[in-house]
Each structure stands twice: as C-alpha cells, then as structure tokens.
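Asker: Contents of data.pdb (PDB, C-alpha atoms):
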```pdb
MODEL        1
ATOM      1  CA  MET A   1      37.263  28.857  15.075  1.00  0.00           C
ATOM      2  CA  THR A   2      33.743  28.334  13.769  1.00  0.00           C
ATOM      3  CA  LEU A   3      31.256  25.646  14.703  1.00  0.00           C
ATOM      4  CA  LYS A   4      30.259  23.331  11.851  1.00  0.00           C
ATOM      5  CA  LEU A   5      27.741  20.514  11.438  1.00  0.00           C
ATOM      6  CA  ARG A   6      28.991  17.126  10.269  1.00  0.00           C
ATOM      7  CA  SER A   7      26.455  14.362   9.720  1.00  0.00           C
ATOM      8  CA  PHE A   8      25.834  10.823   8.522  1.00  0.00           C
ATOM      9  CA  GLY A   9      22.475   9.171   7.922  1.00  0.00           C
ATOM     10  CA  VAL A  10      21.295   5.668   7.111  1.00  0.00           C
ATOM     11  CA  SER A  11      17.917   4.008   6.569  1.00  0.00           C
ATOM     12  CA  ASP A  12      16.708   0.406   6.452  1.00  0.00           C
ATOM     13  CA  ARG A  13      13.317  -1.045   5.553  1.00  0.00           C
ATOM     14  CA  GLY A  14      13.458  -3.312   8.614  1.00  0.00           C
ATOM     15  CA  LEU A  15      12.629  -7.001   8.822  1.00  0.00           C
ATOM     16  CA  ILE A  16       8.849  -6.913   8.346  1.00  0.00           C
ATOM     17  CA  ARG A  17       7.923  -4.194   5.858  1.00  0.00           C
ATOM     18  CA  SER A  18       8.199  -4.899   2.123  1.00  0.00           C
ATOM     19  CA  GLY A  19       9.377  -1.366   1.320  1.00  0.00           C
ATOM     20  CA  ASN A  20      10.812   1.724   2.980  1.00  0.00           C
ATOM     21  CA  GLN A  21       8.548   4.744   3.480  1.00  0.00           C
ATOM     22  CA  ASP A  22      11.228   6.680   5.382  1.00  0.00           C
ATOM     23  CA  ALA A  23      13.331   9.356   3.696  1.00  0.00           C
ATOM     24  CA  LEU A  24      16.276  11.385   4.950  1.00  0.00           C
ATOM     25  CA  TYR A  25      18.604  14.246   4.127  1.00  0.00           C
ATOM     26  CA  SER A  26      22.069  14.497   5.651  1.00  0.00           C
ATOM     27  CA  GLY A  27      24.014  17.571   4.572  1.00  0.00           C
ATOM     28  CA  SER A  28      26.466  20.221   5.774  1.00  0.00           C
ATOM     29  CA  TRP A  29      23.845  22.675   7.012  1.00  0.00           C
ATOM     30  CA  LEU A  30      20.661  20.603   7.080  1.00  0.00           C
ATOM     31  CA  VAL A  31      19.597  17.206   8.408  1.00  0.00           C
ATOM     32  CA  ALA A  32      16.049  15.886   8.158  1.00  0.00           C
ATOM     33  CA  VAL A  33      14.050  12.690   8.653  1.00  0.00           C
ATOM     34  CA  ALA A  34      10.590  11.971   7.220  1.00  0.00           C
ATOM     35  CA  ASP A  35       8.430   8.901   7.876  1.00  0.00           C
ATOM     36  CA  GLY A  36       5.641   8.405   5.342  1.00  0.00           C
ATOM     37  CA  MET A  37       2.193   7.002   6.042  1.00  0.00           C
ATOM     38  CA  GLY A  38      -1.038   6.233   4.223  1.00  0.00           C
ATOM     39  CA  GLY A  39      -0.261   3.185   2.116  1.00  0.00           C
ATOM     40  CA  MET A  40       2.987   2.001   0.612  1.00  0.00           C
ATOM     41  CA  ALA A  41       3.212   4.026  -2.590  1.00  0.00           C
ATOM     42  CA  ALA A  42       1.613   7.111  -1.050  1.00  0.00           C
ATOM     43  CA  GLY A  43       3.798   6.970   2.058  1.00  0.00           C
ATOM     44  CA  ASP A  44       6.912   6.771  -0.089  1.00  0.00           C
ATOM     45  CA  LEU A  45       5.700   9.715  -2.126  1.00  0.00           C
ATOM     46  CA  ALA A  46       4.806  11.919   0.834  1.00  0.00           C
ATOM     47  CA  SER A  47       8.122  11.452   2.632  1.00  0.00           C
ATOM     48  CA  SER A  48      10.146  12.019  -0.530  1.00  0.00           C
ATOM     49  CA  MET A  49       8.144  15.177  -1.288  1.00  0.00           C
ATOM     50  CA  ALA A  50       8.828  16.526   2.184  1.00  0.00           C
ATOM     51  CA  ILE A  51      12.564  15.861   1.890  1.00  0.00           C
ATOM     52  CA  ASP A  52      12.729  17.211  -1.679  1.00  0.00           C
ATOM     53  CA  SER A  53      11.038  20.412  -0.502  1.00  0.00           C
ATOM     54  CA  ILE A  54      13.395  20.990   2.412  1.00  0.00           C
ATOM     55  CA  ALA A  55      16.664  19.824   0.801  1.00  0.00           C
ATOM     56  CA  PRO A  56      17.330  23.190  -0.955  1.00  0.00           C
ATOM     57  CA  LEU A  57      17.881  24.699   2.516  1.00  0.00           C
ATOM     58  CA  ASP A  58      21.266  22.959   2.700  1.00  0.00           C
ATOM     59  CA  VAL A  59      23.034  26.254   2.040  1.00  0.00           C
ATOM     60  CA  GLU A  60      24.551  29.024   4.152  1.00  0.00           C
ATOM     61  CA  THR A  61      21.591  30.701   5.861  1.00  0.00           C
ATOM     62  CA  PRO A  62      21.697  33.790   8.115  1.00  0.00           C
ATOM     63  CA  GLU A  63      20.798  33.182  11.738  1.00  0.00           C
ATOM     64  CA  ASP A  64      17.730  35.423  11.595  1.00  0.00           C
ATOM     65  CA  ALA A  65      16.329  33.596   8.558  1.00  0.00           C
ATOM     66  CA  LEU A  66      16.464  30.002   9.802  1.00  0.00           C
ATOM     67  CA  VAL A  67      12.903  29.586  11.068  1.00  0.00           C
ATOM     68  CA  ALA A  68      11.338  31.437   8.147  1.00  0.00           C
ATOM     69  CA  ALA A  69      13.273  29.250   5.707  1.00  0.00           C
ATOM     70  CA  LEU A  70      12.017  26.100   7.412  1.00  0.00           C
ATOM     71  CA  GLN A  71       8.446  27.402   7.483  1.00  0.00           C
ATOM     72  CA  GLN A  72       8.466  28.194   3.765  1.00  0.00           C
ATOM     73  CA  ALA A  73       9.977  24.828   2.845  1.00  0.00           C
ATOM     74  CA  ILE A  74       7.425  22.934   4.919  1.00  0.00           C
ATOM     75  CA  GLN A  75       4.576  24.926   3.381  1.00  0.00           C
ATOM     76  CA  ALA A  76       5.941  24.043  -0.046  1.00  0.00           C
ATOM     77  CA  GLY A  77       6.112  20.371   0.874  1.00  0.00           C
ATOM     78  CA  SER A  78       2.566  20.432   2.176  1.00  0.00           C
ATOM     79  CA  ALA A  79       1.384  22.063  -1.058  1.00  0.00           C
ATOM     80  CA  ARG A  80       3.091  19.340  -3.101  1.00  0.00           C
ATOM     81  CA  ILE A  81       1.364  16.648  -1.068  1.00  0.00           C
ATOM     82  CA  ARG A  82      -1.986  18.422  -1.469  1.00  0.00           C
ATOM     83  CA  GLN A  83      -1.471  18.559  -5.237  1.00  0.00           C
ATOM     84  CA  ALA A  84      -0.552  14.862  -5.363  1.00  0.00           C
ATOM     85  CA  VAL A  85      -3.739  13.933  -3.500  1.00  0.00           C
ATOM     86  CA  SER A  86      -5.858  16.061  -5.827  1.00  0.00           C
ATOM     87  CA  GLU A  87      -4.319  14.293  -8.837  1.00  0.00           C
ATOM     88  CA  ASP A  88      -5.151  10.834  -7.475  1.00  0.00           C
ATOM     89  CA  PRO A  89      -7.978  10.383  -4.928  1.00  0.00           C
ATOM     90  CA  GLU A  90      -6.532   7.005  -3.901  1.00  0.00           C
ATOM     91  CA  ARG A  91      -3.741   8.956  -2.230  1.00  0.00           C
ATOM     92  CA  GLN A  92      -6.234  10.497   0.206  1.00  0.00           C
ATOM     93  CA  GLY A  93      -4.846  10.198   3.732  1.00  0.00           C
ATOM     94  CA  MET A  94      -1.210   9.994   2.714  1.00  0.00           C
ATOM     95  CA  GLY A  95       1.175  12.048   4.764  1.00  0.00           C
ATOM     96  CA  THR A  96       4.530  12.169   6.476  1.00  0.00           C
ATOM     97  CA  THR A  97       6.268  13.183   9.628  1.00  0.00           C
ATOM     98  CA  LEU A  98       9.159  15.639   9.348  1.00  0.00           C
ATOM     99  CA  THR A  99      11.902  16.518  11.786  1.00  0.00           C
ATOM    100  CA  ALA A 100      14.597  18.865  10.504  1.00  0.00           C
ATOM    101  CA  LEU A 101      17.568  20.751  11.910  1.00  0.00           C
ATOM    102  CA  LEU A 102      19.035  23.763  10.075  1.00  0.00           C
ATOM    103  CA  PHE A 103      22.437  25.173  11.053  1.00  0.00           C
ATOM    104  CA  ALA A 104      23.265  28.880  10.629  1.00  0.00           C
ATOM    105  CA  ARG A 105      26.207  29.885   8.454  1.00  0.00           C
ATOM    106  CA  THR A 106      27.824  31.574  11.463  1.00  0.00           C
ATOM    107  CA  GLY A 107      27.630  28.421  13.549  1.00  0.00           C
ATOM    108  CA  SER A 108      26.081  30.434  16.362  1.00  0.00           C
ATOM    109  CA  CYS A 109      22.504  29.150  16.063  1.00  0.00           C
ATOM    110  CA  LEU A 110      20.417  26.259  14.819  1.00  0.00           C
ATOM    111  CA  ALA A 111      16.701  25.914  14.209  1.00  0.00           C
ATOM    112  CA  LEU A 112      14.552  22.825  14.597  1.00  0.00           C
ATOM    113  CA  ALA A 113      11.244  22.075  12.873  1.00  0.00           C
ATOM    114  CA  HIS A 114       9.045  19.153  13.859  1.00  0.00           C
ATOM    115  CA  VAL A 115       5.687  17.577  13.051  1.00  0.00           C
ATOM    116  CA  GLY A 116       4.652  13.982  13.765  1.00  0.00           C
ATOM    117  CA  ASP A 117       6.461  11.325  15.784  1.00  0.00           C
ATOM    118  CA  SER A 118       9.951  11.202  14.342  1.00  0.00           C
ATOM    119  CA  ARG A 119      12.338  12.575  16.945  1.00  0.00           C
ATOM    120  CA  ALA A 120      15.352  14.788  17.569  1.00  0.00           C
ATOM    121  CA  TYR A 121      17.576  14.010  20.538  1.00  0.00           C
ATOM    122  CA  LEU A 122      20.480  16.121  21.832  1.00  0.00           C
ATOM    123  CA  PHE A 123      23.419  14.330  23.462  1.00  0.00           C
ATOM    124  CA  ARG A 124      25.339  17.010  25.362  1.00  0.00           C
ATOM    125  CA  GLU A 125      28.033  16.467  27.986  1.00  0.00           C
ATOM    126  CA  GLY A 126      27.017  12.857  28.522  1.00  0.00           C
ATOM    127  CA  VAL A 127      23.286  13.514  28.881  1.00  0.00           C
ATOM    128  CA  LEU A 128      20.648  12.571  26.302  1.00  0.00           C
ATOM    129  CA  LYS A 129      17.561  14.772  26.020  1.00  0.00           C
ATOM    130  CA  GLN A 130      14.592  14.363  23.689  1.00  0.00           C
ATOM    131  CA  ILE A 131      14.113  17.820  22.177  1.00  0.00           C
ATOM    132  CA  THR A 132      10.982  17.196  20.108  1.00  0.00           C
ATOM    133  CA  ARG A 133       7.560  16.343  21.490  1.00  0.00           C
ATOM    134  CA  ASP A 134       5.674  13.542  19.746  1.00  0.00           C
ATOM    135  CA  ASP A 135       2.467  14.587  17.991  1.00  0.00           C
ATOM    136  CA  THR A 136       0.690  11.401  19.050  1.00  0.00           C
ATOM    137  CA  PHE A 137      -2.440  10.280  20.833  1.00  0.00           C
ATOM    138  CA  VAL A 138      -0.459   8.596  23.609  1.00  0.00           C
ATOM    139  CA  GLN A 139       1.710  11.690  24.189  1.00  0.00           C
ATOM    140  CA  MET A 140      -1.523  13.635  24.680  1.00  0.00           C
ATOM    141  CA  LEU A 141      -2.574  11.071  27.288  1.00  0.00           C
ATOM    142  CA  VAL A 142       0.811  11.407  29.000  1.00  0.00           C
ATOM    143  CA  ASP A 143       0.501  15.197  29.036  1.00  0.00           C
ATOM    144  CA  GLN A 144      -2.956  14.860  30.625  1.00  0.00           C
ATOM    145  CA  GLY A 145      -1.634  12.483  33.279  1.00  0.00           C
ATOM    146  CA  VAL A 146      -3.857   9.655  32.086  1.00  0.00           C
ATOM    147  CA  ILE A 147      -0.942   7.264  31.457  1.00  0.00           C
ATOM    148  CA  THR A 148       2.765   7.217  32.311  1.00  0.00           C
ATOM    149  CA  PRO A 149       5.576   7.462  29.721  1.00  0.00           C
ATOM    150  CA  ASP A 150       6.345   3.778  30.329  1.00  0.00           C
ATOM    151  CA  GLU A 151       2.717   2.850  29.653  1.00  0.00           C
ATOM    152  CA  ALA A 152       2.835   4.929  26.468  1.00  0.00           C
ATOM    153  CA  ASN A 153       5.646   2.735  25.129  1.00  0.00           C
ATOM    154  CA  SER A 154       3.366  -0.309  25.036  1.00  0.00           C
ATOM    155  CA  HIS A 155       0.015   1.380  24.427  1.00  0.00           C
ATOM    156  CA  PRO A 156      -1.944  -0.223  21.538  1.00  0.00           C
ATOM    157  CA  ARG A 157      -2.521   3.217  19.955  1.00  0.00           C
ATOM    158  CA  ARG A 158       1.053   4.487  20.276  1.00  0.00           C
ATOM    159  CA  ALA A 159       1.385   4.745  16.480  1.00  0.00           C
ATOM    160  CA  VAL A 160      -1.575   7.135  16.092  1.00  0.00           C
ATOM    161  CA  VAL A 161      -0.249  10.580  15.158  1.00  0.00           C
ATOM    162  CA  THR A 162      -2.302  13.686  15.857  1.00  0.00           C
ATOM    163  CA  GLN A 163      -0.754  15.741  13.091  1.00  0.00           C
ATOM    164  CA  ALA A 164       1.496  15.240  10.078  1.00  0.00           C
ATOM    165  CA  LEU A 165       2.154  16.831   6.703  1.00  0.00           C
ATOM    166  CA  GLN A 166      -0.918  15.774   4.720  1.00  0.00           C
ATOM    167  CA  GLY A 167      -1.561  18.807   2.527  1.00  0.00           C
ATOM    168  CA  GLU A 168      -3.899  20.370   5.078  1.00  0.00           C
ATOM    169  CA  GLU A 169      -3.481  22.999   7.779  1.00  0.00           C
ATOM    170  CA  VAL A 170      -0.783  21.922  10.212  1.00  0.00           C
ATOM    171  CA  SER A 171       1.108  23.541  13.075  1.00  0.00           C
ATOM    172  CA  PRO A 172       4.713  22.344  13.174  1.00  0.00           C
ATOM    173  CA  ALA A 173       6.797  23.161  16.236  1.00  0.00           C
ATOM    174  CA  TYR A 174       9.773  25.459  15.702  1.00  0.00           C
ATOM    175  CA  ALA A 175      12.619  26.223  18.093  1.00  0.00           C
ATOM    176  CA  THR A 176      16.074  27.817  18.016  1.00  0.00           C
ATOM    177  CA  MET A 177      19.068  26.855  20.115  1.00  0.00           C
ATOM    178  CA  ALA A 178      22.690  27.808  20.555  1.00  0.00           C
ATOM    179  CA  PRO A 179      24.934  24.887  19.579  1.00  0.00           C
ATOM    180  CA  TRP A 180      27.914  23.844  21.682  1.00  0.00           C
ATOM    181  CA  ALA A 181      31.091  22.275  20.380  1.00  0.00           C
ATOM    182  CA  GLY A 182      30.827  18.566  21.128  1.00  0.00           C
ATOM    183  CA  ASP A 183      27.042  18.390  20.800  1.00  0.00           C
ATOM    184  CA  ARG A 184      25.784  15.249  19.095  1.00  0.00           C
ATOM    185  CA  TRP A 185      22.306  15.181  17.564  1.00  0.00           C
ATOM    186  CA  LEU A 186      20.261  12.117  16.714  1.00  0.00           C
ATOM    187  CA  LEU A 187      17.326  12.456  14.332  1.00  0.00           C
ATOM    188  CA  CYS A 188      15.357   9.262  13.853  1.00  0.00           C
ATOM    189  CA  SER A 189      12.076   7.733  12.767  1.00  0.00           C
ATOM    190  CA  ASP A 190       9.946   5.850  15.276  1.00  0.00           C
ATOM    191  CA  GLY A 191      11.309   2.610  13.867  1.00  0.00           C
ATOM    192  CA  LEU A 192      14.304   3.302  16.111  1.00  0.00           C
ATOM    193  CA  SER A 193      12.794   5.100  19.103  1.00  0.00           C
ATOM    194  CA  ASN A 194       9.962   2.566  19.509  1.00  0.00           C
ATOM    195  CA  VAL A 195      12.299  -0.397  19.963  1.00  0.00           C
ATOM    196  CA  VAL A 196      15.589   0.953  21.372  1.00  0.00           C
ATOM    197  CA  ARG A 197      15.488   2.386  24.885  1.00  0.00           C
ATOM    198  CA  PRO A 198      16.884   5.871  25.665  1.00  0.00           C
ATOM    199  CA  ASP A 199      19.594   4.446  27.926  1.00  0.00           C
ATOM    200  CA  THR A 200      20.800   2.271  25.055  1.00  0.00           C
ATOM    201  CA  LEU A 201      20.717   5.237  22.672  1.00  0.00           C
ATOM    202  CA  THR A 202      22.870   7.108  25.186  1.00  0.00           C
ATOM    203  CA  GLU A 203      25.400   4.265  25.387  1.00  0.00           C
ATOM    204  CA  VAL A 204      25.766   4.086  21.613  1.00  0.00           C
ATOM    205  CA  LEU A 205      25.992   7.859  21.097  1.00  0.00           C
ATOM    206  CA  ALA A 206      28.697   7.983  23.769  1.00  0.00           C
ATOM    207  CA  GLY A 207      30.537   4.853  22.706  1.00  0.00           C
ATOM    208  CA  TYR A 208      30.851   5.289  18.927  1.00  0.00           C
ATOM    209  CA  PRO A 209      32.787   8.473  18.100  1.00  0.00           C
ATOM    210  CA  ASP A 210      32.598   7.842  14.352  1.00  0.00           C
ATOM    211  CA  ARG A 211      29.257   9.109  13.050  1.00  0.00           C
ATOM    212  CA  ALA A 212      28.829   6.406  10.434  1.00  0.00           C
ATOM    213  CA  ASP A 213      29.660   3.606  12.869  1.00  0.00           C
ATOM    214  CA  CYS A 214      27.264   5.134  15.397  1.00  0.00           C
ATOM    215  CA  ALA A 215      24.345   5.432  12.972  1.00  0.00           C
ATOM    216  CA  ARG A 216      24.858   1.906  11.647  1.00  0.00           C
ATOM    217  CA  LYS A 217      25.027   0.506  15.183  1.00  0.00           C
ATOM    218  CA  LEU A 218      21.689   2.145  16.003  1.00  0.00           C
ATOM    219  CA  ILE A 219      20.116   0.559  12.916  1.00  0.00           C
ATOM    220  CA  ASP A 220      21.581  -2.814  13.872  1.00  0.00           C
ATOM    221  CA  LEU A 221      20.045  -2.540  17.339  1.00  0.00           C
ATOM    222  CA  ALA A 222      16.611  -1.803  15.867  1.00  0.00           C
ATOM    223  CA  LEU A 223      16.923  -4.825  13.582  1.00  0.00           C
ATOM    224  CA  HIS A 224      18.096  -6.993  16.480  1.00  0.00           C
ATOM    225  CA  ALA A 225      14.961  -5.918  18.359  1.00  0.00           C
ATOM    226  CA  GLY A 226      12.839  -7.313  15.540  1.00  0.00           C
ATOM    227  CA  GLY A 227      12.925  -4.435  13.042  1.00  0.00           C
ATOM    228  CA  PRO A 228       9.118  -4.222  12.869  1.00  0.00           C
ATOM    229  CA  ASP A 229       9.172  -0.867  11.059  1.00  0.00           C
ATOM    230  CA  ASN A 230      11.321   1.094   8.655  1.00  0.00           C
ATOM    231  CA  VAL A 231      14.176   2.601  10.647  1.00  0.00           C
ATOM    232  CA  THR A 232      16.194   5.742   9.939  1.00  0.00           C
ATOM    233  CA  ALA A 233      18.917   7.454  11.956  1.00  0.00           C
ATOM    234  CA  ILE A 234      21.050  10.537  11.372  1.00  0.00           C
ATOM    235  CA  VAL A 235      23.948  11.303  13.693  1.00  0.00           C
ATOM    236  CA  ALA A 236      25.096  14.923  13.440  1.00  0.00           C
ATOM    237  CA  ASP A 237      28.046  16.364  15.374  1.00  0.00           C
ATOM    238  CA  VAL A 238      28.787  20.005  16.128  1.00  0.00           C
ATOM    239  CA  VAL A 239      32.523  20.365  15.596  1.00  0.00           C
ATOM    240  CA  GLN A 240      34.983  23.220  15.817  1.00  0.00           C
ATOM    241  CA  GLU A 241      36.918  23.963  12.621  1.00  0.00           C
TER     242      GLU A 241
ENDMDL
END
```
In structure tokens, write the structure found in this file.
Answerer:
Amino acid sequence: MTLKLRSFGVSDRGLIRSGNQDALYSGSWLVAVADGMGGMAAGDLASSMAIDSIAPLDVETPEDALVAALQQAIQAGSARIRQAVSEDPERQGMGTTLTALLFARTGSCLALAHVGDSRAYLFREGVLKQITRDDTFVQMLVDQGVITPDEANSHPRRAVVTQALQGEEVSPAYATMAPWAGDRWLLCSDGLSNVVRPDTLTEVLAGYPDRADCARKLIDLALHAGGPDNVTAIVADVVQE
C-alpha cells in the first residue's frame, strides 16, 4: 500500500473586493496557494505567474529532488514577475505570496515551500498545527515578544508582509516531512485565516470527511464572517491506496 495525496481547492473573491487576486493549484502531487498584491491587475498577474511556474511540478518526483524542484520553480516564477515589471513600470510593487506542498512519488516524503502570509496547516490525529510561519510585520513583533498572538490578530498592520515573490531576492522557507496516512492538510490565503479561528478550522477539518464539502464549508465561514478579502482553501488528504 502506497500513500497518495488527494485534494480539492476552491476560491472566492469575497464580499468586498471587486476581483480575485488569489490563485490556486490542486493536483495529485502538488497543491499551492498564491495571494497577489500590488493593485488589482498586477496582483492577479503575479499570483497567476507564481502558480503557472509551479504547476509543472505536478508529476512523479523522487524524494531527494523535491526541494530542488520547488526552488527552481519559485525562481522561475520570480523571474517572470521581474520581467513583467520591467515591461510595465506601473506594475512596480506587484507581488504574491506562495505556499506549496509537493508529494514524492514514493509517498514517503513531502516538501513544503512558503513565502508571505498564506498558510499551511496540518491536521493530524485530531490536532491542528500551523506549519508555516507568516512573513509579516506582526509575526516579527510576536517573535520579539512585543505583542501576543491574540494582539497580532487585531493589529492595524497585520496585513503588512515582510517578504513575497516580487521579482527580487527572496528567501522562501523550505521543509520536508514524512506523511502519515490520515493526515489532512489545509492550504489557505489570509482571507480565511484572518477571519476564521483555529478552533473553528479544527472543527470543520474534523467534521467534514469529504474534501470538497470541507473546503466549501471553510469558504462559507469566511463569507459569513464578512468576507473582507479574497479567500482560498485547499483541503488535501494523505490516503492509503
């Protein structure tokens, strides 16, 4: 029996924004969420470029090549954004977050890449854990002990990211983990994590076995909370086949 990744993703522009700057990829080996910034058209473009650059990784990849594959794809995405900015100076400042999970063909390992404030959560044996660390100003304050995590949730500068894919030098975080059968991953933009509490995320991930129903319920909760931002969620299960 081999471990496989099965996923479902959905995105909504929310109740306030006129368009959707989020982008996602939900495949058999790869899942990824990108949240664009820097103006409507430019944000759309940056997030789609990031996803287009990483989407070709949705193939069988050896365990020892996972991180290198993610690094190369992210570098390619950054180069595309840099080229787009050079072609049109009005795009200056555009960028995108990116959180991606790549599953090895053997099912014995997965790799995670992250930059920005989209998130990856792991729901394992009834416990939800945030795996990624937000690249934000308020997270820096939390790390320094200046404010508490609860204070960060309502801080007026909570949306200020400290790094993103903008065509310049960037230092994404990379990690590898051993998957367990029964693991459930949630990748989401901050349109979900900013308005739905972790205990509620836990309840939904535990209470909706069907991936599609689970992802749609999470979107509904974000909209019920006011839907102030674009909101994207991917639910990915590690299953034994």
Asker: In Å, with one decimal, what is the gap from atom CA of A:Leu223 to atom CA of A:Leu192?
Answerer: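 Atom-to-atom, atom CA of A:Leu223 to atom CA of A:Leu192, that is 8.9 Å.
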Asker: Atom CA of A:Gln144 and atom CA of A:Tyr121 are how many Å apart?
Answerer: 22.9 Å
Asker: May I ask which of the residues A:Ala233, A:Ala34, A:Leu70, A:Ala55 is the closest one to A:Gly95, counting all atoms listed in the file?
Answerer: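 Of the candidates, the smallest distance to A:Gly95 is held by A:Ala34.
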Asker: Between A:Glu87, A:Glu63, A:Asp183, A:Asp12, which one has atoms that come closest to A:Gly227, using only C-alpha atoms?
Answerer: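 The closest residue to A:Gly227 is A:Asp12.
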Asker: Grab the atom CA of A:Ser189 to atom CA of A:Val231 distance for me, in Å with one decimal place.
Answerer: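 Distance between the two atoms: 5.9 Å.
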Asker: Using all atoms listed in the file, what does the table of stretch 94-116 of chain A residues within 10 Å of stretch 154-163 of chain A look like, with each row giving the shortest atom pair and its distance in Å to one decimal, sorted by chain and ascending number, as CSV?
Answerer:
```
residue,atom,partner,partner_atom,distance
A:Gly95,CA,A:Gln163,CA,9.3
A:Thr96,CA,A:Gln163,CA,9.2
A:Thr97,CA,A:Gln163,CA,8.2
A:Val115,CA,A:Gln163,CA,6.7
A:Gly116,CA,A:Gln163,CA,5.7
```
Asker: Where atoms are absent from stretch 46-57 of chain A, fill them in so it carries N, CA, C and O atoms, then output it as a compact mmCIF listing (two decimals), in the coordinates of the input.
Answerer:
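result-v7.txt, freshly written:
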```
# COMPACT_ATOMS: atom_id res chain seq x y z
N ALA A 46 4.92 10.80 -0.10
CA ALA A 46 4.81 11.92 0.83
C ALA A 46 6.14 12.23 1.50
O ALA A 46 6.53 13.40 1.61
N SER A 47 6.84 11.20 1.96
CA SER A 47 8.12 11.45 2.63
C SER A 47 9.16 12.01 1.67
O SER A 47 9.92 12.91 2.03
N SER A 48 9.18 11.50 0.44
CA SER A 48 10.15 12.02 -0.53
C SER A 48 9.82 13.46 -0.91
O SER A 48 10.73 14.28 -1.11
N MET A 49 8.53 13.79 -0.99
CA MET A 49 8.14 15.18 -1.29
C MET A 49 8.58 16.13 -0.18
O MET A 49 9.05 17.25 -0.44
N ALA A 50 8.41 15.69 1.06
CA ALA A 50 8.83 16.53 2.18
C ALA A 50 10.33 16.77 2.15
O ALA A 50 10.80 17.91 2.33
N ILE A 51 11.11 15.71 1.92
CA ILE A 51 12.56 15.86 1.89
C ILE A 51 13.00 16.68 0.68
O ILE A 51 13.88 17.54 0.78
N ASP A 52 12.38 16.43 -0.48
CA ASP A 52 12.73 17.21 -1.68
C ASP A 52 12.44 18.70 -1.49
O ASP A 52 13.15 19.55 -2.03
N SER A 53 11.41 19.02 -0.71
CA SER A 53 11.04 20.41 -0.50
C SER A 53 11.98 21.12 0.46
O SER A 53 12.21 22.33 0.34
N ILE A 54 12.54 20.37 1.41
CA ILE A 54 13.40 20.99 2.41
C ILE A 54 14.88 20.92 2.06
O ILE A 54 15.68 21.72 2.55
N ALA A 55 15.26 20.01 1.16
CA ALA A 55 16.66 19.82 0.80
C ALA A 55 17.36 21.09 0.28
O ALA A 55 18.55 21.30 0.56
N PRO A 56 16.66 21.97 -0.48
CA PRO A 56 17.33 23.19 -0.96
C PRO A 56 17.82 24.12 0.16
O PRO A 56 18.57 25.06 -0.11
N LEU A 57 17.42 23.87 1.40
CA LEU A 57 17.88 24.70 2.52
C LEU A 57 19.31 24.36 2.94
O LEU A 57 19.87 25.03 3.82
```
